[in-house]
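Asks: Enclosed is the structure file start-v9.cif (mmCIF, C-alpha atoms).
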data_entry
loop_
_atom_site.label_atom_id
_atom_site.label_comp_id
_atom_site.auth_asym_id
_atom_site.auth_seq_id
_atom_site.Cartn_x
_atom_site.Cartn_y
_atom_site.Cartn_z
CA MET A 1 71.86 143.25 120.80
CA ILE A 2 74.64 144.16 118.37
CA ILE A 3 73.59 144.71 114.78
CA ARG A 4 76.45 144.84 112.31
CA GLN A 5 75.42 147.35 109.66
CA PRO A 6 76.29 146.70 106.01
CA THR A 7 79.52 148.34 104.88
CA VAL A 8 79.48 147.84 101.10
CA ALA A 9 75.76 147.94 100.24
CA GLY A 10 75.49 150.46 97.44
CA SER A 11 79.01 149.79 96.17
CA PHE A 12 79.76 146.05 95.98
CA TYR A 13 76.06 145.22 95.63
CA SER A 14 72.80 147.15 95.49
CA SER A 15 71.46 148.81 98.63
CA ASN A 16 67.91 148.48 97.25
CA THR A 17 66.19 145.31 98.49
CA THR A 18 64.23 144.66 95.30
CA GLN A 19 67.19 145.36 93.04
CA LEU A 20 69.53 143.22 95.13
CA LYS A 21 67.19 140.25 95.02
CA SER A 22 66.81 140.71 91.27
CA ASP A 23 70.59 140.89 90.85
CA VAL A 24 71.11 137.70 92.86
CA GLU A 25 68.42 135.93 90.83
CA GLY A 26 70.27 136.98 87.69
CA PHE A 27 73.45 135.29 88.89
CA VAL A 28 72.03 132.03 90.23
CA ILE A 29 71.02 128.98 88.20
CA LYS A 30 67.41 127.95 88.58
CA ASP A 31 66.48 124.28 89.09
CA CYS A 32 70.10 123.28 89.57
CA ASP A 33 70.98 119.88 91.05
CA LYS A 34 72.28 120.57 94.55
CA GLN A 35 74.86 118.80 96.68
CA ILE A 36 75.41 118.77 100.41
CA VAL A 37 79.01 119.90 100.84
CA LEU A 38 81.34 120.58 103.74
CA GLY A 39 82.85 123.78 102.41
CA ILE A 40 83.25 126.21 99.55
CA ILE A 41 85.67 128.87 98.38
CA SER A 42 83.68 131.82 97.07
CA PRO A 43 84.82 135.20 95.67
CA HIS A 44 84.03 138.54 97.28
CA ALA A 45 84.38 141.26 94.67
CA GLY A 46 81.65 143.59 93.52
CA TYR A 47 78.78 141.53 92.13
CA ILE A 48 79.23 142.97 88.65
CA TYR A 49 82.59 141.19 88.52
CA SER A 50 82.32 138.06 90.68
CA GLY A 51 78.57 137.58 90.92
CA ARG A 52 78.40 134.97 88.17
CA VAL A 53 81.00 132.78 89.86
CA ALA A 54 79.43 133.13 93.30
CA GLY A 55 75.91 132.65 91.95
CA THR A 56 76.82 129.49 90.06
CA LEU A 57 78.62 128.10 93.11
CA TYR A 58 75.80 128.78 95.59
CA SER A 59 73.28 127.34 93.11
CA ARG A 60 75.09 124.00 93.22
CA ILE A 61 74.96 123.50 96.98
CA THR A 62 72.42 123.10 99.76
CA ILE A 63 72.67 125.92 102.29
CA PRO A 64 72.21 124.47 105.80
CA ASP A 65 70.95 126.35 108.86
CA THR A 66 74.46 127.21 110.09
CA VAL A 67 77.12 128.76 107.85
CA VAL A 68 80.62 129.60 109.09
CA ILE A 69 82.28 132.33 107.02
CA LEU A 70 86.08 132.64 107.10
CA ALA A 71 87.22 136.00 105.74
CA PRO A 72 90.59 137.64 105.16
CA ASN A 73 91.37 140.99 106.74
CA HIS A 74 91.63 143.78 104.15
CA THR A 75 91.50 146.63 106.69
CA GLY A 76 94.24 145.79 109.18
CA TYR A 77 91.89 146.42 112.10
CA GLY A 78 91.19 144.09 114.99
CA VAL A 79 92.84 141.03 116.49
CA PRO A 80 94.55 138.34 114.36
CA TYR A 81 91.80 135.71 114.73
CA SER A 82 88.59 137.59 115.26
CA VAL A 83 85.12 136.11 115.79
CA TRP A 84 82.06 138.37 115.69
CA PRO A 85 80.53 137.88 119.16
CA ASP A 86 76.73 137.91 118.90
CA GLY A 87 73.63 139.66 117.59
CA LYS A 88 72.83 139.97 113.90
CA TRP A 89 74.32 141.05 110.58
CA ARG A 90 72.13 143.26 108.41
CA THR A 91 71.87 143.40 104.62
CA PRO A 92 69.19 144.99 102.42
CA MET A 93 67.58 141.52 102.36
CA GLY A 94 67.13 141.44 106.14
CA ASP A 95 68.99 140.41 109.27
CA VAL A 96 71.03 137.23 109.73
CA LYS A 97 71.40 135.88 113.27
CA ILE A 98 74.73 134.88 114.74
CA ASP A 99 74.85 131.25 115.89
CA GLU A 100 75.99 132.22 119.37
CA GLU A 101 76.23 128.63 120.65
CA VAL A 102 78.90 127.87 118.05
CA VAL A 103 80.69 131.16 118.77
CA GLU A 104 80.89 130.34 122.49
CA ALA A 105 82.10 126.82 121.80
CA LEU A 106 84.82 128.07 119.44
CA ILE A 107 86.08 130.67 121.91
CA ASN A 108 86.13 128.09 124.71
CA THR A 109 87.80 125.42 122.56
CA CYS A 110 90.50 127.37 120.69
CA ASN A 111 92.59 129.85 122.66
CA LEU A 112 93.76 131.59 119.47
CA LEU A 113 90.27 132.94 118.77
CA GLU A 114 88.94 136.14 120.32
CA LYS A 115 85.58 137.85 120.29
CA ASP A 116 86.09 141.11 118.43
CA GLN A 117 84.10 143.60 116.37
CA GLU A 118 86.81 145.91 115.07
CA ALA A 119 88.16 143.52 112.42
CA HIS A 120 84.65 143.12 110.98
CA LEU A 121 83.31 146.68 110.90
CA TYR A 122 84.64 147.68 107.47
CA GLU A 123 85.51 144.25 106.08
CA HIS A 124 83.57 143.32 102.94
CA ALA A 125 84.70 139.72 102.38
CA ALA A 126 82.12 138.05 104.62
CA GLU A 127 79.36 140.57 103.99
CA VAL A 128 79.12 139.95 100.25
CA GLN A 129 78.43 136.25 100.86
CA LEU A 130 75.30 136.99 102.85
CA PRO A 131 72.75 137.89 100.14
CA PHE A 132 73.43 134.57 98.36
CA ILE A 133 73.05 132.68 101.66
CA GLN A 134 69.86 134.61 102.48
CA TYR A 135 68.42 133.98 99.03
CA PHE A 136 68.76 130.21 99.31
CA ASN A 137 68.11 129.85 103.07
CA PRO A 138 66.58 132.87 104.84
CA ARG A 139 66.68 130.94 108.15
CA ALA A 140 70.44 130.39 108.10
CA GLU A 141 72.49 131.58 111.06
CA ILE A 142 76.14 132.52 110.71
CA VAL A 143 79.48 132.52 112.47
CA VAL A 144 81.94 135.06 111.05
CA MET A 145 85.70 134.83 111.55
CA VAL A 146 88.26 137.31 110.19
CA ILE A 147 91.76 135.85 109.84
CA SER A 148 94.76 138.14 109.38
CA ALA A 149 97.77 136.28 110.78
CA GLN A 150 99.73 133.97 108.51
CA ASN A 151 101.20 131.35 110.83
CA ILE A 152 100.28 128.08 109.15
CA ALA A 153 100.46 126.17 112.45
CA ASP A 154 97.85 128.55 113.87
CA LEU A 155 95.67 128.19 110.79
CA LYS A 156 95.77 124.40 111.07
CA ASN A 157 95.03 124.64 114.78
CA ILE A 158 91.95 126.77 114.13
CA GLY A 159 90.80 124.45 111.34
CA LYS A 160 91.02 121.42 113.62
CA HIS A 161 89.20 123.12 116.49
CA LEU A 162 86.51 124.40 114.13
CA SER A 163 86.01 120.85 112.90
CA GLN A 164 85.69 119.55 116.45
CA VAL A 165 83.05 122.14 117.35
CA LEU A 166 81.05 121.55 114.17
CA GLN A 167 81.14 117.78 114.46
CA LYS A 168 79.79 118.09 118.00
CA LEU A 169 77.22 120.88 117.54
CA ARG A 170 76.50 121.43 113.84
CA PRO A 171 77.56 118.39 111.77
CA ASN A 172 75.71 119.71 108.71
CA ALA A 173 77.23 123.21 108.80
CA LEU A 174 78.73 124.79 105.70
CA VAL A 175 82.12 126.52 105.94
CA VAL A 176 82.78 129.31 103.43
CA ALA A 177 86.29 130.60 102.76
CA SER A 178 85.92 134.01 101.14
CA SER A 179 88.70 134.66 98.64
CA ASP A 180 89.53 136.21 95.31
CA MET A 181 92.46 134.85 93.36
CA THR A 182 95.30 136.70 91.54
CA HIS A 183 95.03 140.50 91.65
CA HIS A 184 95.99 143.09 89.03
CA GLU A 185 98.01 141.02 86.62
CA SER A 186 97.47 140.21 82.96
CA GLN A 187 94.83 137.64 82.03
CA ALA A 188 97.54 135.19 80.95
CA SER A 189 99.50 135.58 84.18
CA ALA A 190 96.40 135.34 86.38
CA ASN A 191 95.17 132.24 84.55
CA ARG A 192 98.57 130.56 84.91
CA LYS A 193 99.03 131.35 88.62
CA ASP A 194 95.44 130.63 89.55
CA ARG A 195 95.56 127.26 87.80
CA ILE A 196 98.45 126.30 90.10
CA ALA A 197 96.73 127.48 93.29
CA ILE A 198 93.43 125.88 92.32
CA GLY A 199 95.25 122.63 91.56
CA GLU A 200 96.57 122.45 95.13
CA ILE A 201 93.11 123.23 96.54
CA LEU A 202 91.59 120.46 94.42
CA ALA A 203 94.30 118.14 95.77
CA LEU A 204 93.26 119.18 99.31
CA ASP A 205 96.91 120.02 100.02
CA GLU A 206 97.09 123.07 102.29
CA ASP A 207 100.86 122.83 102.72
CA ALA A 208 101.50 122.89 98.97
CA LEU A 209 98.98 125.71 98.54
CA TYR A 210 100.72 127.78 101.22
CA ARG A 211 104.14 127.09 99.67
CA LYS A 212 103.13 127.76 96.04
CA VAL A 213 101.32 130.99 96.89
CA ARG A 214 104.40 132.31 98.68
CA GLU A 215 106.99 131.07 96.16
CA MET A 216 105.10 132.29 93.09
CA HIS A 217 103.77 135.51 94.64
CA ILE A 218 100.18 134.53 93.94
CA THR A 219 98.05 137.35 95.32
CA MET A 220 95.19 135.17 96.57
CA CYS A 221 93.80 137.36 99.34
CA GLY A 222 91.92 134.59 101.12
CA ILE A 223 94.81 132.14 101.30
CA TYR A 224 94.62 131.90 105.12
CA PRO A 225 90.86 131.25 105.24
CA ALA A 226 91.36 128.69 102.46
CA ILE A 227 94.02 126.83 104.46
CA THR A 228 91.80 126.81 107.53
CA LEU A 229 88.92 125.52 105.40
CA LEU A 230 91.00 122.71 103.88
CA VAL A 231 92.19 121.49 107.28
CA CYS A 232 88.68 121.72 108.77
CA SER A 233 87.13 119.93 105.79
CA LYS A 234 89.60 117.04 105.87
CA GLU A 235 89.07 116.65 109.61
CA ARG A 236 85.35 116.40 108.82
CA GLY A 237 86.02 113.67 106.25
CA ALA A 238 86.42 115.54 102.96
CA LYS A 239 87.69 113.40 100.11
CA LYS A 240 87.45 115.63 97.04
CA ALA A 241 87.07 119.15 95.73
CA GLU A 242 85.55 120.45 92.49
CA LEU A 243 86.09 123.68 90.57
CA VAL A 244 82.58 124.88 89.73
CA ARG A 245 83.49 128.05 87.84
CA TYR A 246 86.50 130.29 87.19
CA GLU A 247 86.49 133.72 85.59
CA THR A 248 88.41 136.95 85.79
CA SER A 249 87.26 140.55 85.84
CA GLY A 250 88.58 140.69 82.29
CA ASP A 251 86.03 138.10 81.19
CA VAL A 252 83.34 140.50 82.42
CA ALA A 253 84.78 143.91 81.58
CA GLY A 254 86.84 143.05 78.50
CA ASN A 255 90.07 144.59 79.83
CA PHE A 256 92.69 141.84 80.04
CA ASP A 257 95.72 143.93 81.09
CA GLN A 258 94.93 144.12 84.82
CA VAL A 259 92.52 141.45 85.99
CA VAL A 260 91.39 139.80 89.23
CA GLY A 261 90.65 136.09 89.28
CA TYR A 262 87.56 134.50 90.83
CA ALA A 263 87.15 130.80 91.60
CA GLY A 264 84.13 128.96 92.93
CA ILE A 265 85.17 125.64 94.51
CA MET A 266 83.22 123.13 96.57
CA ILE A 267 84.70 120.58 98.96
CA ASN A 268 83.00 117.36 99.96
#
Could you render the structure from this file as structure tokens?

Replies:
Amino acid sequence: MIIRQPTVAGSFYSSNTTQLKSDVEGFVIKDCDKQIVLGIISPHAGYIYSGRVAGTLYSRITIPDTVVILAPNHTGYGVPYSVWPDGKWRTPMGDVKIDEEVVEALINTCNLLEKDQEAHLYEHAAEVQLPFIQYFNPRAEIVVMVISAQNIADLKNIGKHLSQVLQKLRPNALVVASSDMTHHESQASANRKDRIAIGEILALDEDALYRKVREMHITMCGIYPAITLLVCSKERGAKKAELVRYETSGDVAGNFDQVVGYAGIMIN
């Protein structure tokens, strides 16, 4: 059995089990009304910066027993559309099983997808979602996909095939697109650009999102997972999206010259 070891425990979040659980509890909202949703967009920075946004978002939703995580590729390793094949992913809070039935169905249904480990080994974007998922549903199994190519036709293709597999095998599954928003610009610039990108996500318009991000040089690192999520969600019947929380690193650290934006969005 393959066990994917944590890459950013001790840097993006605590490597100590007790401390990590305490940190997560500090970010989530207790006794929050929860919704069953089709998908979310959740940030993936160090918890000190994006933990409040992620914690608020995960507090608002019901975590089902299968969660599909779509992550960007920050490392450049691996194949363009990479699915972790099997086994488990480890965090300080325990191991999370791979939903291997869904993995096999995806590989057999969509010829763009490949089983691959290399793209995942040092990639943090999916890993940082796991402690929040584990906190709310320790039984959850995952499917992890790393997306690095930017062909919008391919992204739509994957989104449609993902929808088909989930509707057949896991109709209640949650799909998570892991993404931060604008990187290393002033607070004013990040707020302005992110408002535009978020507006297109809330309109469920993947084509406009793709176009605006390119035209306005919006450095949203998870744009390709977000497009795949939007297509998949609409195929599954999504009618609306809601911005749960938006902050920047400047709101946390107090330095507004070079910030990164974080948005928590749910799609239903």

Asks: Convert the output of the PyMOL selection byres ((chain A and resi 193) around 9) on the shown file into explicit residues, formatted as a ChimeraX atom specification.

Replies: /A:181-182,188-192,194-198,213,216-218

Asks: Mind dumping the selected residues with C-alpha atoms as a PDB file, keeping the file's coordinate frame?

Replies:
ATOM      1  CA  MET A 181      92.460 134.850  93.360  1.00  0.00           C
ATOM      2  CA  THR A 182      95.300 136.700  91.540  1.00  0.00           C
ATOM      3  CA  ALA A 188      97.540 135.190  80.950  1.00  0.00           C
ATOM      4  CA  SER A 189      99.500 135.580  84.180  1.00  0.00           C
ATOM      5  CA  ALA A 190      96.400 135.340  86.380  1.00  0.00           C
ATOM      6  CA  ASN A 191      95.170 132.240  84.550  1.00  0.00           C
ATOM      7  CA  ARG A 192      98.570 130.560  84.910  1.00  0.00           C
ATOM      8  CA  ASP A 194      95.440 130.630  89.550  1.00  0.00           C
ATOM      9  CA  ARG A 195      95.560 127.260  87.800  1.00  0.00           C
ATOM     10  CA  ILE A 196      98.450 126.300  90.100  1.00  0.00           C
ATOM     11  CA  ALA A 197      96.730 127.480  93.290  1.00  0.00           C
ATOM     12  CA  ILE A 198      93.430 125.880  92.320  1.00  0.00           C
ATOM     13  CA  VAL A 213     101.320 130.990  96.890  1.00  0.00           C
ATOM     14  CA  MET A 216     105.100 132.290  93.090  1.00  0.00           C
ATOM     15  CA  HIS A 217     103.770 135.510  94.640  1.00  0.00           C
ATOM     16  CA  ILE A 218     100.180 134.530  93.940  1.00  0.00           C
TER      17      ILE A 218
END

Asks: Would you compute the distance between CA of Thr91 in chain A and CA of Val252 in chain A? Give it in Å to one decimal.

Replies: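 Computed distance, CA of Thr91 in chain A to CA of Val252 in chain A, equals 25.2 Å.
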
Asks: Find the residues around Gln35 in chain A up to 8 Å (only C-alpha atoms counted), leave out those fewer than 5 positions away in its own chain, and share them as a list in words.

Replies: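 Final neighbour list, sorted by chain and number: Arg60, Ile61 and Thr62 of chain A.
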
Asks: Rounded to one decimal in Å, what is the spacing between CA of Lys115 in chain A and CA of Ser15 in chain A?

Replies: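 So the two atoms, CA of Lys115 in chain A and CA of Ser15 in chain A, lie 28.1 Å apart.
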
Asks: When distances are computed from only C-alpha atoms, which of A:Met220, A:Ile36, A:Ile265, A:Ile142 shows the smallest separation from Ile201 in chain A?

Replies: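 Ranking A:Met220, A:Ile36, A:Ile265, A:Ile142 by distance to Ile201 in chain A, first place goes to A:Ile265.
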
Asks: Please give the centre and size of the box around range 4-22 of chain A (axis-aligned, containing every atom listed in the file, 6 Å added per side), with values in Å to one decimal and written as lines of an AutoDock Vina configuration file.

Replies:
center_x = 72.0
center_y = 145.4
center_z = 101.8
size_x = 27.5
size_y = 22.2
size_z = 33.0

Asks: Which of these residues is nearest to Glu185 in chain A, using all atoms listed in the file: A:Thr56, A:Thr66, A:Thr17, A:Asn255?

Replies: A:Asn255

Asks: Can you work out the spacing between CA of Met93 in chain A and CA of Leu20 in chain A in Å, to one decimal?

Replies: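 Distance between the two atoms: 7.7 Å.
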
Asks: Just want the 10 Å neighbourhood of Ile48 in chain A, counted on all atoms listed in the file, with same-chain residues fewer than 6 positions away dropped. Output as number ranges by chain.

Replies: A: 12-13, 23, 27, 249, 252-253

Asks: Please list as a PyMOL selection string every residue within 12 Å of Leu113 in chain A, counting all atoms listed in the file and excluding residues in the same chain fewer than 2 positions away.

Replies: chain A and resi 78-85+103-111+115-116+144-149+154-155+157-159+161-162

Asks: Give me, as a PyMOL selection string, all polymer residues having an atom no more than 7 Å from Lys156 in chain A, counting all atoms listed in the file and skipping those fewer than 4 positions away in the same chain.

Replies: chain A and resi 152+160+228+231

Asks: Output C-alpha atoms of each residue in that selection to a file, as a tab-separated table (two decimals), in the coordinates of the input.

Replies:
chain	number	residue	atom	x	y	z
A	152	ILE	CA	100.28	128.08	109.15
A	160	LYS	CA	91.02	121.42	113.62
A	228	THR	CA	91.80	126.81	107.53
A	231	VAL	CA	92.19	121.49	107.28

Asks: Neighbours of His183 in chain A within 7 Å (all atoms listed in the file; same-chain residues fewer than 3 positions away dropped), as a count of residues only?

Replies: 4

Asks: Choose the residue, out of A:Arg214, A:His184, A:His44, A:Arg170, that has the smallest atom-to-atom separation from Gly250 in chain A; count all atoms listed in the file.

Replies: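 Looking at the shortest contact to Gly250 in chain A, the residue is A:His184.
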
Asks: For Asp86 in chain A, which of A:Ile2, A:Val128, A:Val176, A:Ala241 is the closest residue, counting only C-alpha atoms?

Replies: A:Ile2

Asks: Between A:Ala54, A:Ile3, A:Ile40, A:Ile267, which residue has the minimum interatomic distance to His120 in chain A, considering all atoms listed in the file?

Replies: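 Selected residue with least distance to His120 in chain A: A:Ile3.
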
Asks: With N, CA and C atoms as the target, complete range 60-71 of chain A and hand it back as a CSV table (one decimal), keeping the file's coordinate frame.

Replies:
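Done, and the output landed in out-v4.csv:
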chain,number,residue,atom,x,y,z
A,60,ARG,N,74.7,125.4,93.3
A,60,ARG,CA,75.1,124.0,93.2
A,60,ARG,C,75.0,123.3,94.6
A,61,ILE,N,74.9,124.1,95.6
A,61,ILE,CA,75.0,123.5,97.0
A,61,ILE,C,73.7,123.7,97.8
A,62,THR,N,73.5,122.9,98.8
A,62,THR,CA,72.4,123.1,99.8
A,62,THR,C,73.0,124.0,100.9
A,63,ILE,N,72.2,125.0,101.2
A,63,ILE,CA,72.7,125.9,102.3
A,63,ILE,C,72.0,125.4,103.6
A,64,PRO,N,72.8,125.0,104.5
A,64,PRO,CA,72.2,124.5,105.8
A,64,PRO,C,71.9,125.6,106.7
A,65,ASP,N,71.4,125.3,107.9
A,65,ASP,CA,71.0,126.4,108.9
A,65,ASP,C,72.1,127.0,109.6
A,66,THR,N,73.3,126.5,109.5
A,66,THR,CA,74.5,127.2,110.1
A,66,THR,C,75.5,127.3,109.0
A,67,VAL,N,76.1,128.5,108.8
A,67,VAL,CA,77.1,128.8,107.8
A,67,VAL,C,78.2,129.5,108.6
A,68,VAL,N,79.4,129.0,108.5
A,68,VAL,CA,80.6,129.6,109.1
A,68,VAL,C,81.4,130.3,107.9
A,69,ILE,N,81.6,131.6,108.1
A,69,ILE,CA,82.3,132.3,107.0
A,69,ILE,C,83.7,132.7,107.5
A,70,LEU,N,84.7,132.3,106.8
A,70,LEU,CA,86.1,132.6,107.1
A,70,LEU,C,86.5,133.7,106.1
A,71,ALA,N,86.9,134.9,106.6
A,71,ALA,CA,87.2,136.0,105.7
A,71,ALA,C,88.6,136.5,106.0
